[in-house]
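Chemist: Here you go, model.txt (compact mmCIF, C-alpha atoms):
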```txt
# COMPACT_ATOMS: atom_id res chain seq x y z
CA GLN A 361 -0.08 17.64 -2.24
CA SER A 362 -0.97 14.11 -3.31
CA ALA A 363 -0.88 13.05 -6.94
CA LEU A 364 -4.28 11.47 -6.29
CA THR A 365 -7.28 13.33 -4.89
CA GLN A 366 -10.07 11.74 -2.86
CA PRO A 367 -13.01 13.32 -1.01
CA PRO A 368 -12.42 13.24 2.77
CA SER A 369 -15.68 11.56 3.61
CA VAL A 370 -18.76 9.88 2.21
CA SER A 371 -21.78 8.57 4.09
CA GLY A 372 -24.84 6.49 3.38
CA SER A 373 -27.54 4.47 5.04
CA PRO A 374 -27.51 0.67 5.07
CA GLY A 375 -28.62 -0.70 1.73
CA GLN A 376 -27.77 2.47 -0.17
CA SER A 377 -24.99 2.84 -2.74
CA VAL A 378 -22.06 5.18 -2.36
CA THR A 379 -19.41 6.11 -4.89
CA LEU A 380 -15.89 7.22 -4.00
CA SER A 381 -13.76 9.07 -6.50
CA CYS A 382 -10.02 9.14 -7.10
CA THR A 383 -8.68 11.75 -9.49
CA GLY A 384 -5.14 11.79 -10.80
CA ALA A 385 -3.13 15.00 -11.04
CA SER A 386 -1.69 13.75 -14.29
CA SER A 387 -2.71 11.18 -16.85
CA ASP A 388 0.55 9.31 -16.18
CA VAL A 389 -0.68 8.35 -12.72
CA VAL A 390 -4.08 6.95 -13.61
CA SER A 391 -3.43 5.49 -17.02
CA TYR A 392 -3.17 1.88 -18.12
CA ASN A 393 -5.54 0.35 -15.58
CA ARG A 394 -3.15 1.04 -12.70
CA VAL A 395 -5.62 2.07 -10.03
CA SER A 396 -6.22 -0.18 -7.03
CA TRP A 397 -8.37 0.36 -3.95
CA TYR A 398 -7.71 -0.59 -0.31
CA GLN A 399 -10.02 -0.84 2.67
CA GLN A 400 -8.64 -0.13 6.14
CA SER A 401 -10.59 -0.61 9.32
CA PRO A 402 -9.24 1.01 12.52
CA GLY A 403 -6.20 -0.74 13.94
CA THR A 404 -5.82 -3.12 11.01
CA ALA A 405 -3.67 -3.33 7.92
CA PRO A 406 -5.13 -2.22 4.60
CA LYS A 407 -6.68 -4.89 2.40
CA VAL A 408 -6.98 -4.76 -1.39
CA ILE A 409 -10.56 -4.78 -2.63
CA ILE A 410 -10.11 -3.70 -6.26
CA TYR A 411 -7.09 -3.89 -8.59
CA GLU A 412 -6.54 -2.98 -12.23
CA VAL A 413 -9.44 -0.51 -11.90
CA SER A 414 -12.22 -3.09 -11.75
CA HIS A 415 -10.93 -6.54 -10.74
CA ARG A 416 -11.98 -7.99 -7.39
CA PRO A 417 -9.70 -10.42 -5.50
CA SER A 418 -11.32 -13.64 -4.43
CA GLY A 419 -13.23 -13.24 -1.20
CA VAL A 420 -14.18 -9.59 -1.77
CA PRO A 421 -17.96 -9.21 -1.93
CA ASP A 422 -19.39 -8.30 -5.32
CA ARG A 423 -21.05 -5.21 -3.86
CA PHE A 424 -17.65 -3.58 -4.36
CA SER A 425 -17.04 -2.49 -7.94
CA GLY A 426 -14.58 -0.22 -9.68
CA SER A 427 -14.54 1.82 -12.84
CA GLN A 428 -12.64 4.62 -14.53
CA SER A 429 -13.45 7.51 -16.80
CA GLY A 430 -10.63 9.68 -18.00
CA ASP A 431 -8.41 10.73 -15.09
CA THR A 432 -10.95 9.68 -12.43
CA ALA A 433 -11.33 6.20 -11.00
CA SER A 434 -14.34 5.31 -8.91
CA LEU A 435 -15.20 2.74 -6.27
CA THR A 436 -18.88 1.95 -5.76
CA ILE A 437 -20.22 0.14 -2.74
CA SER A 438 -23.70 -1.16 -3.51
CA GLY A 439 -25.97 -2.28 -0.70
CA LEU A 440 -23.92 -0.57 1.99
CA GLN A 441 -23.43 -2.63 5.15
CA ALA A 442 -22.30 -1.63 8.64
CA GLU A 443 -19.08 -3.59 8.18
CA ASP A 444 -18.17 -1.38 5.21
CA GLU A 445 -17.48 1.54 7.54
CA ALA A 446 -13.76 2.11 7.04
CA GLU A 447 -11.16 4.26 5.34
CA TYR A 448 -10.69 3.66 1.62
CA TYR A 449 -7.51 4.51 -0.26
CA CYS A 450 -6.87 4.51 -3.96
CA SER A 451 -3.39 3.88 -5.28
CA SER A 452 -1.62 4.05 -8.59
CA TYR A 453 1.85 4.53 -10.01
CA THR A 454 3.74 6.43 -12.62
CA SER A 455 5.61 5.12 -15.62
CA SER A 456 8.75 5.48 -13.44
CA SER A 457 7.31 2.95 -10.98
CA VAL A 458 6.75 5.51 -8.23
CA HIS A 459 3.67 4.44 -6.32
CA VAL A 460 1.30 6.88 -4.68
CA PHE A 461 -1.79 6.73 -2.49
CA GLY A 462 -4.69 9.08 -2.31
CA PRO A 463 -5.35 10.77 1.06
CA GLY A 464 -8.23 8.40 1.80
CA THR A 465 -12.00 8.63 2.07
CA LYS A 466 -13.78 7.83 5.32
CA VAL A 467 -17.00 5.92 4.66
CA THR A 468 -19.60 6.28 7.39
CA VAL A 469 -22.66 4.05 7.55
CA LEU A 470 -25.46 6.09 9.06
CA GLN B 611 -0.91 -18.65 2.53
CA VAL B 612 1.45 -15.71 2.17
CA GLN B 613 2.36 -13.99 5.41
CA LEU B 614 4.62 -11.05 6.10
CA GLN B 615 5.88 -10.18 9.56
CA GLU B 616 7.62 -6.98 10.56
CA SER B 617 10.28 -6.92 13.26
CA GLY B 618 12.54 -4.27 14.67
CA PRO B 619 12.97 -1.73 17.46
CA GLY B 620 9.85 0.15 18.37
CA LEU B 621 11.83 3.19 19.50
CA VAL B 622 14.63 4.96 17.64
CA LYS B 623 16.48 8.09 18.69
CA PRO B 624 16.55 11.16 16.43
CA SER B 625 19.43 11.23 13.94
CA GLN B 626 19.89 7.47 14.23
CA THR B 627 19.01 4.73 11.73
CA LEU B 628 15.65 3.01 11.68
CA SER B 629 16.06 -0.68 10.82
CA LEU B 630 13.19 -3.01 10.06
CA THR B 631 13.10 -6.59 8.83
CA CYS B 632 10.25 -8.27 7.00
CA THR B 633 10.06 -12.04 7.17
CA VAL B 634 8.11 -13.71 4.40
CA SER B 635 6.45 -17.10 4.77
CA GLY B 636 4.24 -19.15 2.52
CA VAL B 637 6.12 -18.15 -0.63
CA SER B 638 9.74 -17.97 -1.68
CA ILE B 639 11.06 -14.45 -1.89
CA ILE B 640 12.83 -15.45 -5.12
CA SER B 641 9.54 -16.29 -6.81
CA ASP B 642 9.24 -14.49 -10.10
CA GLY B 643 6.86 -11.57 -10.44
CA TYR B 644 6.79 -10.05 -6.97
CA TYR B 645 8.23 -6.89 -5.50
CA TRP B 646 8.80 -6.83 -1.76
CA THR B 647 7.48 -3.59 -0.44
CA LEU B 648 7.55 -1.16 2.46
CA ILE B 649 4.72 1.25 3.17
CA ARG B 650 4.23 3.50 6.18
CA GLN B 651 1.37 5.34 7.82
CA HIS B 652 1.92 8.34 10.07
CA PRO B 653 -0.36 8.34 13.13
CA GLY B 654 -3.87 9.24 12.08
CA LYS B 655 -2.76 9.89 8.51
CA GLY B 656 -2.75 8.22 5.11
CA LEU B 657 -0.47 5.68 3.48
CA GLU B 658 2.95 6.43 2.03
CA TRP B 659 4.82 4.10 -0.29
CA ILE B 660 8.46 3.86 0.79
CA GLY B 661 9.83 1.57 -1.90
CA PHE B 662 10.30 -2.01 -3.00
CA ILE B 663 12.87 -4.55 -4.04
CA TYR B 664 12.95 -7.48 -6.42
CA TYR B 665 14.69 -10.67 -5.33
CA ASN B 666 17.64 -9.85 -7.60
CA GLY B 667 18.24 -6.62 -5.68
CA VAL B 668 16.64 -4.14 -8.07
CA THR B 669 15.06 -1.36 -6.06
CA TYR B 670 12.60 1.47 -6.58
CA TYR B 671 12.38 4.19 -3.95
CA ASN B 672 10.06 7.04 -3.08
CA PRO B 673 11.93 10.12 -4.34
CA SER B 674 11.18 11.97 -1.11
CA LEU B 675 13.02 9.33 0.95
CA LYS B 676 15.61 8.11 -1.53
CA SER B 677 18.57 10.00 -0.06
CA ARG B 678 18.09 8.32 3.36
CA LEU B 679 16.87 4.92 2.33
CA ILE B 680 18.24 1.45 1.67
CA ILE B 681 16.08 -1.60 1.03
CA SER B 682 17.89 -4.92 0.85
CA VAL B 683 16.96 -8.57 0.44
CA ASP B 684 18.32 -11.72 2.09
CA THR B 685 17.13 -14.61 -0.04
CA SER B 686 18.68 -17.23 2.27
CA ARG B 687 16.45 -16.07 5.13
CA ASN B 688 13.44 -15.18 2.97
CA GLN B 689 13.61 -11.66 4.36
CA PHE B 690 13.91 -8.12 3.16
CA SER B 691 14.91 -5.09 5.19
CA LEU B 692 14.64 -1.35 5.48
CA GLU B 693 17.25 1.09 6.70
CA LEU B 694 16.24 4.72 7.00
CA ASN B 695 18.96 7.00 8.32
CA SER B 696 18.96 10.42 9.97
CA VAL B 697 15.47 9.92 11.32
CA THR B 698 13.36 12.64 12.90
CA ALA B 699 10.02 12.69 14.65
CA ALA B 700 8.46 12.96 11.18
CA ASP B 701 9.48 9.33 10.59
CA THR B 702 7.29 8.12 13.45
CA ALA B 703 4.78 5.82 11.78
CA VAL B 704 3.36 2.34 11.48
CA TYR B 705 5.57 0.53 9.00
CA TYR B 706 4.05 -2.19 6.85
CA CYS B 707 5.69 -4.93 4.84
CA ALA B 708 3.73 -5.86 1.76
CA ARG B 709 3.95 -7.78 -1.49
CA THR B 710 3.42 -6.10 -4.83
CA SER B 711 2.22 -8.34 -7.61
CA LYS B 712 0.16 -8.42 -10.75
CA GLY B 713 -3.27 -9.94 -10.80
CA GLU B 714 -4.89 -12.28 -13.26
CA GLY B 715 -5.25 -9.46 -15.73
CA GLY B 716 -1.48 -9.15 -15.63
CA SER B 717 -1.43 -5.52 -16.61
CA ALA B 718 -0.89 -3.58 -13.40
CA TRP B 719 0.81 -3.82 -10.04
CA PHE B 720 -0.96 -3.71 -6.70
CA PHE B 721 -0.32 -4.58 -3.05
CA ASP B 722 -1.91 -7.98 -2.53
CA ASN B 723 -0.55 -9.06 0.84
CA TRP B 724 0.26 -6.98 3.89
CA GLY B 725 1.88 -7.57 7.27
CA GLN B 726 0.10 -6.42 10.40
CA GLY B 727 2.37 -3.39 10.71
CA THR B 728 4.68 -2.23 13.46
CA LEU B 729 4.78 1.16 15.15
CA VAL B 730 8.16 2.83 15.14
CA THR B 731 8.51 5.92 17.30
CA VAL B 732 11.35 8.38 16.87
CA SER B 733 12.03 10.04 20.19
CA SER B 734 14.89 10.75 22.55
```
Could you take the file, read its structure, and then write that structure out as structure tokens?

Modeler:
Amino acid sequence: QSALTQPPSVSGSPGQSVTLSCTGASSDVVSYNRVSWYQQSPGTAPKVIIYEVSHRPSGVPDRFSGSQSGDTASLTISGLQAEDEAEYYCSSYTSSSVHVFGPGTKVTVL
Amino acid sequence: QVQLQESGPGLVKPSQTLSLTCTVSGVSIISDGYYWTLIRQHPGKGLEWIGFIYYNGVTYYNPSLKSRLIISVDTSRNQFSLELNSVTAADTAVYYCARTSKGEGGSAWFFDNWGQGTLVTVSS
């Protein structure tokens, strides 16, 4: 049982917005802006798209945004595009520096 | 730019030791502020953090693997390495080298650079 919970799948049509959630089993895991998000397309390594809850690395389109409320972090993809179809993982860590990943959410573009 | 490259045997026999080396280029492994990281992904499954090491040798391990795990660093070669002993089929996975760093906000760690990954199969 993961310390982070994600829905298995989310889908949307091109141009729509989808929101993925990531809920921590304890406040220690999702506190202090620790949540980051990774996009993984089939056969490729994961790539960071959001860190510190809401920061985007350079080169990541601004249609990706992150937020957090309480023990739940969220990733929103606005203006969904075909290339956004991928697996998305959230990650965080405890105060003991043990890092964990959520089980992943498969985003399907209809 | 920063690049990480995994190398090692693609096939390991059960009960033996899985050894993997990560070669870092584009940045010195003794640069301050980075942890050198190993992450794995079982076939068709999610990501699992294995552990990481600072250039001075300080390590943090996944508690579920700690008893079988050693991560070491070779600063002269700009490399870090994984040894996982007593492997079973459950250790079959794609193993990734990655870098853990803090972003501009400076408040939290995340995995900002990844290698392409290498499949290690445990089988007799």

Chemist: Of the candidates B:Tyr664, B:Trp724, B:Tyr644, B:Trp659, which one gets nearest to B:Asp684 if we count all atoms listed in the file?

Modeler: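 Ranking B:Tyr664, B:Trp724, B:Tyr644, B:Trp659 by distance to B:Asp684, first place goes to B:Tyr664.
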
Chemist: Compile a residue-level contact table for chain A against chain B at a cut-off of 6 Å, reporting for every qualifying residue the shortest atom pair and its distance in Å to one decimal, with all atoms listed in the file counted, rows ordered by chain and ascending number, as a tab-separated table.

Modeler:
```
residue	atom	partner	partner_atom	distance
A:Arg394	CA	B:Ala718	CA	5.2
A:Ala405	CA	B:Gln726	CA	5.5
A:Glu412	CA	B:Ala718	CA	5.8
A:Pro463	CA	B:Gly656	CA	5.4
```

Chemist: One decimal, in Å: what's the spacing between atom CA of A:Asn393 and atom CA of A:Pro367?

Modeler: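 That distance, rounded to one decimal, is 20.9 Å.
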
Chemist: Between atom CA of B:Thr728 and atom CA of B:Gln615, measure the distance and give it in Å to one decimal.

Modeler: 8.9 Å

Chemist: Could you jot down the atom CA of A:Gly384 to atom CA of A:Thr432 separation for me, Å, one decimal place?

Modeler: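 Answer for the atom CA of A:Gly384 to atom CA of A:Thr432 separation: 6.4 Å.
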
Chemist: Determine the nearest neighbour of B:Gly636 from the options B:Thr710, B:Ser682, B:Leu614, B:Phe690, counting all atoms listed in the file.

Modeler: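 Of all the options, B:Leu614 lies closest to B:Gly636.
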
Chemist: Which one of A:Ser391, A:Thr379, A:Ser427, A:Ser457 sits closest to A:Leu440 if you count only C-alpha atoms?

Modeler: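 Nearest candidate to A:Leu440 out of A:Ser391, A:Thr379, A:Ser427, A:Ser457: A:Thr379.
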
Chemist: Any idea what's packed within 12 Å of A:Ser386, counting all atoms listed in the file, ignoring anything in its chain fewer than 3 positions away? Could you give it as a VMD selection string?

Modeler: chain A and resid 362 to 365 382 to 383 389 to 391 430 to 432 452 to 455

Chemist: Nearest residue to A:Val395 out of A:Ser381, A:Ser418, A:Ser438, A:Ser371, using all atoms listed in the file?

Modeler: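 Looking at the shortest contact to A:Val395, the residue is A:Ser381.
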
Chemist: Return the single residue from B:Thr647, B:Asn666, B:Thr631, B:Ser638 that is closest to B:Ser691, with distances computed using all atoms listed in the file.

Modeler: B:Thr631

Chemist: Please return as a list in words every residue within 7 Å of (-16.7, 3.4, 7.9), taking into account all atoms listed in the file and the file's own coordinates.

Modeler: Asp444, Glu445, Ala446, Glu447, Lys466, Val467, Thr468 and Val469 of chain A
